[in-house]
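Coordinates from protein.txt are shown below (compact mmCIF, N, CA and C atoms).
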# COMPACT_ATOMS: atom_id res chain seq x y z
N MET A 1 120.06 -6.18 -31.77
CA MET A 1 119.72 -7.28 -30.88
C MET A 1 120.92 -8.22 -30.78
N SER A 2 121.40 -8.44 -29.58
CA SER A 2 122.57 -9.31 -29.41
C SER A 2 122.14 -10.74 -29.10
N SER A 3 123.03 -11.66 -29.42
CA SER A 3 122.80 -13.08 -29.18
C SER A 3 123.97 -13.64 -28.40
N ILE A 4 123.83 -14.87 -27.92
CA ILE A 4 124.89 -15.52 -27.18
C ILE A 4 125.47 -16.63 -28.04
N PHE A 5 126.79 -16.65 -28.15
CA PHE A 5 127.49 -17.62 -28.98
C PHE A 5 128.43 -18.44 -28.11
N ALA A 6 128.61 -19.71 -28.46
CA ALA A 6 129.53 -20.59 -27.75
C ALA A 6 130.85 -20.63 -28.50
N VAL A 7 131.94 -20.39 -27.76
CA VAL A 7 133.27 -20.44 -28.34
C VAL A 7 133.98 -21.67 -27.78
N LYS A 8 134.45 -22.54 -28.65
CA LYS A 8 135.18 -23.74 -28.25
C LYS A 8 136.60 -23.34 -27.87
N THR A 9 137.08 -23.88 -26.73
CA THR A 9 138.43 -23.56 -26.27
C THR A 9 139.19 -24.85 -25.95
N THR A 10 140.48 -24.70 -25.71
CA THR A 10 141.29 -25.80 -25.21
C THR A 10 140.85 -26.08 -23.78
N ALA A 11 140.86 -27.34 -23.37
CA ALA A 11 140.44 -27.70 -22.02
C ALA A 11 141.29 -26.95 -20.98
N SER A 12 140.65 -26.47 -19.94
CA SER A 12 141.27 -25.75 -18.83
C SER A 12 141.81 -24.37 -19.22
N GLN A 13 141.46 -23.88 -20.39
CA GLN A 13 141.91 -22.55 -20.82
C GLN A 13 140.73 -21.59 -21.01
N GLU A 14 139.58 -21.95 -20.43
CA GLU A 14 138.37 -21.14 -20.61
C GLU A 14 138.57 -19.73 -20.05
N ARG A 15 139.12 -19.64 -18.85
CA ARG A 15 139.30 -18.33 -18.19
C ARG A 15 140.27 -17.47 -18.98
N THR A 16 141.33 -18.07 -19.52
CA THR A 16 142.32 -17.33 -20.31
C THR A 16 141.68 -16.73 -21.55
N VAL A 17 140.91 -17.55 -22.26
CA VAL A 17 140.23 -17.09 -23.47
C VAL A 17 139.23 -15.98 -23.13
N ALA A 18 138.47 -16.17 -22.05
CA ALA A 18 137.49 -15.16 -21.65
C ALA A 18 138.16 -13.84 -21.31
N ASP A 19 139.28 -13.89 -20.59
CA ASP A 19 140.00 -12.67 -20.24
C ASP A 19 140.53 -11.96 -21.47
N MET A 20 141.07 -12.73 -22.42
CA MET A 20 141.61 -12.12 -23.64
C MET A 20 140.51 -11.51 -24.49
N LEU A 21 139.35 -12.16 -24.55
CA LEU A 21 138.22 -11.59 -25.30
C LEU A 21 137.74 -10.30 -24.64
N ALA A 22 137.69 -10.29 -23.32
CA ALA A 22 137.24 -9.10 -22.61
C ALA A 22 138.22 -7.93 -22.78
N GLU A 23 139.50 -8.24 -22.88
CA GLU A 23 140.51 -7.20 -23.05
C GLU A 23 140.46 -6.54 -24.42
N LYS A 24 139.86 -7.21 -25.40
CA LYS A 24 139.78 -6.65 -26.76
C LYS A 24 138.95 -5.37 -26.80
N GLU A 25 138.00 -5.25 -25.88
CA GLU A 25 137.14 -4.06 -25.79
C GLU A 25 136.51 -3.69 -27.14
N MET A 26 135.95 -4.68 -27.79
CA MET A 26 135.24 -4.43 -29.04
C MET A 26 133.81 -4.01 -28.72
N PRO A 27 133.28 -3.00 -29.38
CA PRO A 27 131.90 -2.58 -29.09
C PRO A 27 130.86 -3.64 -29.46
N GLU A 28 131.21 -4.59 -30.34
CA GLU A 28 130.28 -5.64 -30.73
C GLU A 28 130.13 -6.70 -29.65
N ILE A 29 131.13 -6.84 -28.77
CA ILE A 29 131.09 -7.83 -27.69
C ILE A 29 130.59 -7.16 -26.43
N HIS A 30 129.49 -7.68 -25.87
CA HIS A 30 128.87 -7.07 -24.69
C HIS A 30 129.25 -7.76 -23.40
N ALA A 31 129.42 -9.08 -23.43
CA ALA A 31 129.75 -9.83 -22.22
C ALA A 31 130.44 -11.14 -22.59
N VAL A 32 131.28 -11.62 -21.65
CA VAL A 32 131.96 -12.90 -21.81
C VAL A 32 131.75 -13.68 -20.52
N LEU A 33 131.36 -14.95 -20.65
CA LEU A 33 131.05 -15.79 -19.49
C LEU A 33 131.81 -17.11 -19.60
N ALA A 34 132.59 -17.44 -18.54
CA ALA A 34 133.31 -18.70 -18.50
C ALA A 34 132.93 -19.43 -17.22
N PRO A 35 131.76 -20.08 -17.18
CA PRO A 35 131.33 -20.77 -15.96
C PRO A 35 132.18 -22.00 -15.66
N ASP A 36 132.39 -22.27 -14.36
CA ASP A 36 133.19 -23.42 -13.93
C ASP A 36 132.56 -24.74 -14.34
N GLN A 37 131.23 -24.79 -14.43
CA GLN A 37 130.53 -26.03 -14.75
C GLN A 37 130.65 -26.41 -16.22
N LEU A 38 131.09 -25.49 -17.06
CA LEU A 38 131.13 -25.71 -18.51
C LEU A 38 132.59 -25.79 -18.95
N THR A 39 133.06 -26.98 -19.29
CA THR A 39 134.45 -27.12 -19.69
C THR A 39 134.60 -27.01 -21.20
N SER A 40 135.68 -26.38 -21.62
CA SER A 40 136.07 -26.22 -23.02
C SER A 40 135.17 -25.27 -23.81
N TYR A 41 134.36 -24.47 -23.12
CA TYR A 41 133.51 -23.50 -23.82
C TYR A 41 133.46 -22.18 -23.06
N VAL A 42 133.34 -21.09 -23.80
CA VAL A 42 133.13 -19.76 -23.26
C VAL A 42 131.91 -19.20 -23.96
N MET A 43 131.02 -18.58 -23.21
CA MET A 43 129.83 -17.98 -23.80
C MET A 43 130.09 -16.49 -24.03
N VAL A 44 129.74 -16.00 -25.21
CA VAL A 44 129.99 -14.60 -25.56
C VAL A 44 128.69 -13.98 -26.05
N GLU A 45 128.34 -12.84 -25.45
CA GLU A 45 127.18 -12.07 -25.93
C GLU A 45 127.70 -11.03 -26.91
N ALA A 46 127.22 -11.10 -28.13
CA ALA A 46 127.70 -10.19 -29.17
C ALA A 46 126.57 -9.89 -30.15
N ASP A 47 126.79 -8.81 -30.93
CA ASP A 47 125.80 -8.42 -31.94
C ASP A 47 125.80 -9.40 -33.10
N ASP A 48 126.99 -9.86 -33.49
CA ASP A 48 127.10 -10.72 -34.66
C ASP A 48 128.25 -11.69 -34.43
N GLY A 49 128.02 -12.96 -34.64
CA GLY A 49 129.03 -13.99 -34.41
C GLY A 49 130.21 -13.89 -35.36
N SER A 50 129.97 -13.46 -36.56
CA SER A 50 131.07 -13.39 -37.53
C SER A 50 132.01 -12.22 -37.22
N VAL A 51 131.51 -11.20 -36.51
CA VAL A 51 132.34 -10.04 -36.19
C VAL A 51 133.49 -10.43 -35.27
N PHE A 52 133.19 -11.18 -34.21
CA PHE A 52 134.27 -11.53 -33.29
C PHE A 52 134.94 -12.85 -33.66
N ALA A 53 134.42 -13.56 -34.65
CA ALA A 53 135.03 -14.82 -35.06
C ALA A 53 136.43 -14.58 -35.62
N ARG A 54 136.62 -13.48 -36.30
CA ARG A 54 137.95 -13.18 -36.85
C ARG A 54 138.94 -12.80 -35.74
N VAL A 55 138.45 -12.27 -34.62
CA VAL A 55 139.31 -11.92 -33.49
C VAL A 55 139.83 -13.19 -32.81
N LEU A 56 139.05 -14.28 -32.88
CA LEU A 56 139.45 -15.52 -32.23
C LEU A 56 140.73 -16.10 -32.82
N ASP A 57 141.06 -15.73 -34.09
CA ASP A 57 142.29 -16.20 -34.70
C ASP A 57 143.51 -15.67 -33.97
N GLU A 58 143.38 -14.51 -33.34
CA GLU A 58 144.50 -13.87 -32.63
C GLU A 58 144.63 -14.38 -31.19
N ILE A 59 143.64 -15.12 -30.70
CA ILE A 59 143.63 -15.55 -29.29
C ILE A 59 144.06 -17.01 -29.21
N PRO A 60 145.17 -17.26 -28.49
CA PRO A 60 145.58 -18.66 -28.34
C PRO A 60 144.55 -19.43 -27.51
N HIS A 61 144.42 -20.69 -27.76
CA HIS A 61 143.51 -21.61 -27.07
C HIS A 61 142.04 -21.45 -27.49
N ALA A 62 141.71 -20.46 -28.31
CA ALA A 62 140.35 -20.33 -28.83
C ALA A 62 140.28 -21.13 -30.12
N ARG A 63 139.34 -22.05 -30.19
CA ARG A 63 139.26 -22.95 -31.35
C ARG A 63 138.22 -22.50 -32.38
N GLY A 64 137.36 -21.56 -32.02
CA GLY A 64 136.38 -21.06 -32.97
C GLY A 64 134.98 -21.05 -32.39
N VAL A 65 134.08 -20.43 -33.13
CA VAL A 65 132.69 -20.32 -32.73
C VAL A 65 131.94 -21.57 -33.19
N ILE A 66 131.10 -22.11 -32.32
CA ILE A 66 130.28 -23.25 -32.69
C ILE A 66 129.31 -22.78 -33.77
N SER A 67 129.29 -23.50 -34.88
CA SER A 67 128.47 -23.03 -35.99
C SER A 67 127.27 -23.92 -36.24
N GLY A 68 126.25 -23.29 -36.79
CA GLY A 68 125.04 -23.99 -37.19
C GLY A 68 125.04 -24.16 -38.69
N SER A 69 123.88 -24.42 -39.26
CA SER A 69 123.79 -24.65 -40.71
C SER A 69 124.00 -23.38 -41.53
N ASP A 70 123.70 -22.23 -40.94
CA ASP A 70 123.82 -20.98 -41.70
C ASP A 70 124.72 -19.97 -40.99
N GLY A 71 125.85 -20.42 -40.44
CA GLY A 71 126.78 -19.52 -39.77
C GLY A 71 126.88 -19.84 -38.28
N PRO A 72 127.40 -18.88 -37.51
CA PRO A 72 127.55 -19.12 -36.07
C PRO A 72 126.21 -19.43 -35.40
N ALA A 73 126.20 -20.47 -34.57
CA ALA A 73 124.98 -20.89 -33.89
C ALA A 73 124.68 -19.94 -32.74
N GLU A 74 123.47 -19.41 -32.71
CA GLU A 74 123.07 -18.48 -31.66
C GLU A 74 122.31 -19.22 -30.58
N SER A 75 122.51 -18.77 -29.34
CA SER A 75 121.79 -19.31 -28.20
C SER A 75 120.99 -18.20 -27.56
N GLY A 76 119.94 -18.56 -26.88
CA GLY A 76 119.15 -17.58 -26.17
C GLY A 76 119.62 -17.41 -24.73
N PHE A 77 119.16 -16.37 -24.09
CA PHE A 77 119.53 -16.09 -22.71
C PHE A 77 119.08 -17.21 -21.78
N SER A 78 117.95 -17.84 -22.10
CA SER A 78 117.43 -18.91 -21.24
C SER A 78 118.38 -20.10 -21.16
N GLU A 79 119.22 -20.30 -22.18
CA GLU A 79 120.16 -21.42 -22.18
C GLU A 79 121.36 -21.21 -21.27
N VAL A 80 121.69 -19.97 -20.93
CA VAL A 80 122.84 -19.69 -20.06
C VAL A 80 122.43 -19.09 -18.72
N GLU A 81 121.15 -18.88 -18.53
CA GLU A 81 120.65 -18.22 -17.32
C GLU A 81 121.04 -18.97 -16.05
N HIS A 82 121.02 -20.30 -16.07
CA HIS A 82 121.34 -21.08 -14.88
C HIS A 82 122.81 -20.94 -14.46
N PHE A 83 123.69 -20.50 -15.35
CA PHE A 83 125.09 -20.27 -14.99
C PHE A 83 125.26 -18.97 -14.19
N LEU A 84 124.29 -18.09 -14.25
CA LEU A 84 124.43 -16.77 -13.64
C LEU A 84 124.05 -16.71 -12.17
N SER A 85 123.28 -17.67 -11.69
CA SER A 85 122.91 -17.68 -10.28
C SER A 85 123.72 -18.75 -9.56
N PRO A 86 124.52 -18.34 -8.57
CA PRO A 86 125.37 -19.32 -7.89
C PRO A 86 124.56 -20.28 -7.03
N THR A 87 125.00 -21.52 -6.95
CA THR A 87 124.35 -22.50 -6.10
C THR A 87 125.10 -22.54 -4.77
N PRO A 88 124.39 -22.64 -3.66
CA PRO A 88 125.08 -22.66 -2.37
C PRO A 88 125.91 -23.93 -2.21
N ASP A 89 127.03 -23.81 -1.49
CA ASP A 89 127.92 -24.95 -1.28
C ASP A 89 127.28 -26.03 -0.42
N VAL A 90 126.28 -25.67 0.39
CA VAL A 90 125.65 -26.65 1.27
C VAL A 90 124.52 -27.42 0.58
N GLU A 91 124.27 -27.11 -0.68
CA GLU A 91 123.22 -27.81 -1.42
C GLU A 91 123.61 -29.27 -1.58
N GLY A 92 122.70 -30.17 -1.29
CA GLY A 92 122.98 -31.59 -1.41
C GLY A 92 123.51 -32.22 -0.13
N ILE A 93 123.67 -31.41 0.91
CA ILE A 93 124.14 -31.92 2.19
C ILE A 93 122.94 -31.95 3.13
N ALA A 94 122.77 -33.04 3.88
CA ALA A 94 121.65 -33.17 4.81
C ALA A 94 122.19 -33.50 6.20
N GLU A 95 121.37 -33.20 7.21
CA GLU A 95 121.75 -33.53 8.58
C GLU A 95 121.89 -35.05 8.70
N GLY A 96 122.94 -35.49 9.38
CA GLY A 96 123.20 -36.91 9.55
C GLY A 96 124.18 -37.46 8.53
N ASP A 97 124.51 -36.71 7.49
CA ASP A 97 125.47 -37.17 6.49
C ASP A 97 126.85 -37.32 7.11
N ILE A 98 127.59 -38.28 6.61
CA ILE A 98 128.99 -38.47 6.99
C ILE A 98 129.82 -37.68 5.99
N VAL A 99 130.68 -36.78 6.49
CA VAL A 99 131.48 -35.92 5.63
C VAL A 99 132.95 -36.02 6.02
N GLU A 100 133.80 -35.57 5.10
CA GLU A 100 135.22 -35.45 5.38
C GLU A 100 135.57 -33.98 5.23
N LEU A 101 136.32 -33.45 6.17
CA LEU A 101 136.77 -32.07 6.09
C LEU A 101 137.96 -32.02 5.15
N ILE A 102 137.90 -31.16 4.13
CA ILE A 102 138.95 -31.11 3.12
C ILE A 102 139.81 -29.86 3.22
N ALA A 103 139.54 -29.02 4.22
CA ALA A 103 140.33 -27.81 4.44
C ALA A 103 140.24 -27.42 5.91
N GLY A 104 141.13 -26.55 6.31
CA GLY A 104 141.11 -26.05 7.68
C GLY A 104 141.94 -26.90 8.63
N PRO A 105 141.89 -26.59 9.93
CA PRO A 105 142.73 -27.29 10.91
C PRO A 105 142.35 -28.77 11.10
N PHE A 106 141.14 -29.16 10.74
CA PHE A 106 140.70 -30.55 10.91
C PHE A 106 140.70 -31.31 9.58
N LYS A 107 141.52 -30.86 8.64
CA LYS A 107 141.58 -31.48 7.31
C LYS A 107 141.86 -32.98 7.44
N GLY A 108 141.06 -33.78 6.71
CA GLY A 108 141.22 -35.22 6.71
C GLY A 108 140.36 -35.93 7.75
N GLU A 109 139.76 -35.19 8.68
CA GLU A 109 138.92 -35.79 9.72
C GLU A 109 137.53 -36.12 9.15
N LYS A 110 136.94 -37.15 9.68
CA LYS A 110 135.56 -37.51 9.31
C LYS A 110 134.63 -36.99 10.39
N ALA A 111 133.42 -36.60 9.96
CA ALA A 111 132.47 -36.01 10.90
C ALA A 111 131.05 -36.29 10.44
N ARG A 112 130.10 -36.08 11.36
CA ARG A 112 128.68 -36.22 11.05
C ARG A 112 128.06 -34.82 11.09
N VAL A 113 127.23 -34.51 10.09
CA VAL A 113 126.57 -33.20 10.00
C VAL A 113 125.49 -33.10 11.08
N GLN A 114 125.57 -32.05 11.88
CA GLN A 114 124.59 -31.81 12.94
C GLN A 114 123.56 -30.76 12.53
N ARG A 115 124.04 -29.68 11.89
CA ARG A 115 123.15 -28.56 11.55
C ARG A 115 123.66 -27.89 10.27
N ILE A 116 122.72 -27.36 9.48
CA ILE A 116 123.06 -26.67 8.24
C ILE A 116 122.47 -25.28 8.27
N ASP A 117 123.31 -24.28 7.99
CA ASP A 117 122.86 -22.89 7.91
C ASP A 117 123.02 -22.43 6.47
N GLU A 118 121.93 -22.54 5.69
CA GLU A 118 122.00 -22.21 4.26
C GLU A 118 122.24 -20.73 4.03
N GLY A 119 121.73 -19.88 4.92
CA GLY A 119 121.90 -18.44 4.77
C GLY A 119 123.36 -18.02 4.82
N LYS A 120 124.12 -18.65 5.71
CA LYS A 120 125.54 -18.33 5.86
C LYS A 120 126.43 -19.30 5.09
N ASP A 121 125.83 -20.33 4.47
CA ASP A 121 126.57 -21.33 3.72
C ASP A 121 127.56 -22.06 4.64
N GLN A 122 127.09 -22.40 5.85
CA GLN A 122 127.93 -23.06 6.84
C GLN A 122 127.28 -24.36 7.31
N VAL A 123 128.12 -25.28 7.78
CA VAL A 123 127.67 -26.56 8.29
C VAL A 123 128.32 -26.79 9.65
N THR A 124 127.52 -27.21 10.63
CA THR A 124 128.06 -27.58 11.93
C THR A 124 128.17 -29.10 11.96
N VAL A 125 129.40 -29.58 12.24
CA VAL A 125 129.66 -31.02 12.25
C VAL A 125 130.21 -31.43 13.61
N GLU A 126 130.13 -32.73 13.88
CA GLU A 126 130.71 -33.29 15.09
C GLU A 126 131.75 -34.32 14.66
N LEU A 127 132.99 -34.12 15.08
CA LEU A 127 134.09 -34.99 14.67
C LEU A 127 133.93 -36.39 15.24
N TYR A 128 134.27 -37.41 14.42
CA TYR A 128 134.15 -38.81 14.83
C TYR A 128 135.19 -39.21 15.87
N GLU A 129 136.45 -38.97 15.59
CA GLU A 129 137.54 -39.47 16.42
C GLU A 129 137.80 -38.62 17.67
N ALA A 130 137.05 -37.56 17.87
CA ALA A 130 137.28 -36.70 19.03
C ALA A 130 136.84 -37.41 20.30
N THR A 131 137.66 -37.31 21.36
CA THR A 131 137.29 -37.94 22.63
C THR A 131 136.11 -37.24 23.27
N VAL A 132 136.06 -35.92 23.10
CA VAL A 132 134.92 -35.14 23.59
C VAL A 132 134.20 -34.60 22.36
N PRO A 133 132.90 -34.93 22.19
CA PRO A 133 132.19 -34.45 20.99
C PRO A 133 132.01 -32.93 21.02
N ILE A 134 132.76 -32.25 20.14
CA ILE A 134 132.71 -30.79 20.07
C ILE A 134 132.13 -30.42 18.70
N PRO A 135 131.08 -29.59 18.68
CA PRO A 135 130.57 -29.14 17.38
C PRO A 135 131.53 -28.13 16.75
N VAL A 136 131.81 -28.32 15.48
CA VAL A 136 132.71 -27.44 14.74
C VAL A 136 131.92 -26.89 13.55
N THR A 137 131.94 -25.58 13.37
CA THR A 137 131.24 -24.95 12.25
C THR A 137 132.26 -24.63 11.16
N VAL A 138 131.98 -25.12 9.95
CA VAL A 138 132.87 -24.90 8.80
C VAL A 138 132.06 -24.40 7.62
N ARG A 139 132.74 -23.81 6.65
CA ARG A 139 132.09 -23.37 5.41
C ARG A 139 131.71 -24.58 4.58
N GLY A 140 130.68 -24.44 3.78
CA GLY A 140 130.18 -25.54 2.97
C GLY A 140 131.17 -26.07 1.95
N ASP A 141 132.11 -25.21 1.51
CA ASP A 141 133.09 -25.67 0.52
C ASP A 141 134.28 -26.38 1.16
N GLN A 142 134.29 -26.50 2.49
CA GLN A 142 135.39 -27.16 3.18
C GLN A 142 135.08 -28.62 3.53
N ILE A 143 133.94 -29.13 3.06
CA ILE A 143 133.60 -30.52 3.36
C ILE A 143 133.23 -31.27 2.08
N ARG A 144 133.37 -32.59 2.15
CA ARG A 144 133.00 -33.46 1.04
C ARG A 144 132.14 -34.58 1.63
N VAL A 145 130.97 -34.79 1.03
CA VAL A 145 130.05 -35.81 1.53
C VAL A 145 130.59 -37.20 1.19
N LEU A 146 130.74 -38.04 2.20
CA LEU A 146 131.18 -39.43 2.02
C LEU A 146 130.01 -40.39 1.94
N ASP A 147 129.08 -40.22 2.89
CA ASP A 147 127.93 -41.12 2.95
C ASP A 147 126.71 -40.30 3.36
N SER A 148 125.63 -40.48 2.63
CA SER A 148 124.41 -39.73 2.90
C SER A 148 123.30 -40.65 3.35
N ASP A 149 122.51 -40.22 4.32
CA ASP A 149 121.36 -41.01 4.80
C ASP A 149 120.29 -41.15 3.72
N GLU A 150 120.25 -40.18 2.80
CA GLU A 150 119.19 -40.16 1.78
C GLU A 150 119.47 -41.14 0.64
N ARG A 151 120.68 -41.69 0.56
CA ARG A 151 121.02 -42.60 -0.55
C ARG A 151 120.58 -43.99 -0.26
Please express what this file holds, its structure, as structure tokens.
Amino acid sequence: MSSIFAVKTTASQERTVADMLAEKEMPEIHAVLAPDQLTSYVMVEADDGSVFARVLDEIPHARGVISGSDGPAESGFSEVEHFLSPTPDVEGIAEGDIVELIAGPFKGEKARVQRIDEGKDQVTVELYEATVPIPVTVRGDQIRVLDSDER
């Protein structure tokens, strides 16, 4: 039965540590997860925390396994499950919100959200400073909410 262990890392080196752990190809290590939302930690699914703890000495930027009172602290799958399902980029954006385009040909322009397509993860906006109001469709990760009607 495998468990999930948290490995402390140097800040901004989570991906490096995860890649190095995955390259070890140890049969005791089943999976390595370095979610963007979790800084300075890598989650490792392994049979035994002490088995891969000695490997961490060889990996730069790995600071060690988070330990409990009786050895490496184990976590259940339910504690990391929310990292496995991606959240859409348009989540938290509503029609009528004032946004700034942060990428693409209209970078830096302010606009009002007209329509949201969650299935395609796209937002249709209308630029503020445009002389003729033209709807522009952009990806959800290309905008930043400045002002929301719901606040």
Residue contacts of region 47-56 of chain A (6.5 Å, all atoms listed in the file) excluding same-chain residues fewer than 4 positions away, as a PDB file with N, CA and C atoms, keeping the file's coordinate frame:
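Produced file selection-v7.pdb, reproduced below:
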ATOM      1  N   MET A   1     120.060  -6.180 -31.770  1.00  0.00           N
ATOM      2  CA  MET A   1     119.720  -7.280 -30.880  1.00  0.00           C
ATOM      3  C   MET A   1     120.920  -8.220 -30.780  1.00  0.00           C
ATOM      4  N   SER A   2     121.400  -8.440 -29.580  1.00  0.00           N
ATOM      5  CA  SER A   2     122.570  -9.310 -29.410  1.00  0.00           C
ATOM      6  C   SER A   2     122.140 -10.740 -29.100  1.00  0.00           C
ATOM      7  N   SER A   3     123.030 -11.660 -29.420  1.00  0.00           N
ATOM      8  CA  SER A   3     122.800 -13.080 -29.180  1.00  0.00           C
ATOM      9  C   SER A   3     123.970 -13.640 -28.400  1.00  0.00           C
ATOM     10  N   GLU A  28     131.210  -4.590 -30.340  1.00  0.00           N
ATOM     11  CA  GLU A  28     130.280  -5.640 -30.730  1.00  0.00           C
ATOM     12  C   GLU A  28     130.130  -6.700 -29.650  1.00  0.00           C
ATOM     13  N   ILE A  29     131.130  -6.840 -28.770  1.00  0.00           N
ATOM     14  CA  ILE A  29     131.090  -7.830 -27.690  1.00  0.00           C
ATOM     15  C   ILE A  29     130.590  -7.160 -26.430  1.00  0.00           C
ATOM     16  N   HIS A  30     129.490  -7.680 -25.870  1.00  0.00           N
ATOM     17  CA  HIS A  30     128.870  -7.070 -24.690  1.00  0.00           C
ATOM     18  C   HIS A  30     129.250  -7.760 -23.400  1.00  0.00           C
ATOM     19  N   PRO A  60     145.170 -17.260 -28.490  1.00  0.00           N
ATOM     20  CA  PRO A  60     145.580 -18.660 -28.340  1.00  0.00           C
ATOM     21  C   PRO A  60     144.550 -19.430 -27.510  1.00  0.00           C
ATOM     22  N   ALA A  62     141.710 -20.460 -28.310  1.00  0.00           N
ATOM     23  CA  ALA A  62     140.350 -20.330 -28.830  1.00  0.00           C
ATOM     24  C   ALA A  62     140.280 -21.130 -30.120  1.00  0.00           C
ATOM     25  N   GLY A  64     137.360 -21.560 -32.020  1.00  0.00           N
ATOM     26  CA  GLY A  64     136.380 -21.060 -32.970  1.00  0.00           C
ATOM     27  C   GLY A  64     134.980 -21.050 -32.390  1.00  0.00           C
ATOM     28  N   VAL A  65     134.080 -20.430 -33.130  1.00  0.00           N
ATOM     29  CA  VAL A  65     132.690 -20.320 -32.730  1.00  0.00           C
ATOM     30  C   VAL A  65     131.940 -21.570 -33.190  1.00  0.00           C
ATOM     31  N   PRO A  72     127.400 -18.880 -37.510  1.00  0.00           N
ATOM     32  CA  PRO A  72     127.550 -19.120 -36.070  1.00  0.00           C
ATOM     33  C   PRO A  72     126.210 -19.430 -35.400  1.00  0.00           C
TER      34      PRO A  72
END
For this session: Using DSSP on the backbone, list every residue of chain A that comes out as strand (DSSP E), and give them as a VMD selection string.
Result: chain A and resid 3 to 9 29 to 33 41 to 46 62 to 65 67 to 68 71 to 72 74 to 75 98 to 101 110 to 117 122 to 127 135 to 139 143 to 147
Counting all atoms listed in the file, what is within 8 Å of Leu146 (chain A), bar same-chain residues fewer than 4 positions away, as an mmCIF file with N, CA and C atoms, in the coordinates of the input?
data_model
loop_
_atom_site.group_PDB
_atom_site.id
_atom_site.type_symbol
_atom_site.label_atom_id
_atom_site.label_comp_id
_atom_site.auth_asym_id
_atom_site.auth_seq_id
_atom_site.Cartn_x
_atom_site.Cartn_y
_atom_site.Cartn_z
ATOM 1 N N ASP A 97 124.510 -36.710 7.490
ATOM 2 C CA ASP A 97 125.470 -37.170 6.490
ATOM 3 C C ASP A 97 126.850 -37.320 7.110
ATOM 4 N N ILE A 98 127.590 -38.280 6.610
ATOM 5 C CA ILE A 98 128.990 -38.470 6.990
ATOM 6 C C ILE A 98 129.820 -37.680 5.990
ATOM 7 N N VAL A 99 130.680 -36.780 6.490
ATOM 8 C CA VAL A 99 131.480 -35.920 5.630
ATOM 9 C C VAL A 99 132.950 -36.020 6.020
ATOM 10 N N GLU A 100 133.800 -35.570 5.100
ATOM 11 C CA GLU A 100 135.220 -35.450 5.380
ATOM 12 C C GLU A 100 135.570 -33.980 5.230
#
For this session: Check the smallest atom-to-atom distance from each of A:Ile4, A:Glu95, A:Pro135, A:Asp147 to Val80 (chain A) using only C-alpha atoms, then report the winner.
Result: A:Ile4
Exercise. Nearest to Pro88 (chain A) among A:Asp57, A:Glu74, A:Glu126, A:Asp141, with distances taken over all atoms listed in the file: which residue is it?
Worked result: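 When distances to Pro88 (chain A) are compared using all atoms listed in the file, the smallest one comes from A:Asp141.
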Exercise. So which bits of chain A end up helix (DSSP H, G or I) when you DSSP the backbone, as a PyMOL selection string?
Worked result: chain A and resi 14-23+49-53+55-58+77-84+140-142
Exercise. Counting only N, CA and C atoms, which of A:Val44, A:Val113, A:Ile134, A:Thr124 gets nearest to Val7 (chain A)?
Worked result: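 For Val7 (chain A), the nearest of the given residues is A:Val44.
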For this session: Considering only C-alpha atoms, state which residue in the set A:Glu79, A:Glu109, A:Leu101, A:Ser40 is at the smallest distance from Thr16 (chain A).
Result: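 For Thr16 (chain A), the nearest of the candidates is A:Ser40.
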Exercise. Taking into account all atoms listed in the file, which residue in the set A:Ser12, A:Phe106, A:Ile116, A:Ile59 is nearest to Ile93 (chain A)?
Worked result: A:Ile116
As JSON, please report the centre and edge lengths, rounded to one decimal in Å, of the axis-aligned box that holds all listed atoms of region 2-11 of chain A with 3 Å of padding on each of the six sides.
{"center_x": 131.3, "center_y": -18.1, "center_z": -25.3, "size_x": 25.9, "size_y": 25.3, "size_z": 14.6}
For this session: Could you tell me how far CA of Lys110 (chain A) lies from CA of Val132 (chain A), in Å and to one decimal?
Result: 14.5 Å
Seminar exercise, completed: Correct to one decimal, the distance atom C of Val90 (chain A)-atom N of Val136 (chain A) is 16.6 Å
For this session: Please measure the separation of CA of Leu21 (chain A) and atom N of Thr39 (chain A), giving the value in Å to one decimal.
Result: 17.3 Å
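Across A:Phe5, A:Ala31, A:Ala103, A:Thr87, the tightest approach to Gln142 (chain A) is made by A:Ala103 when counting all atoms listed in the file.
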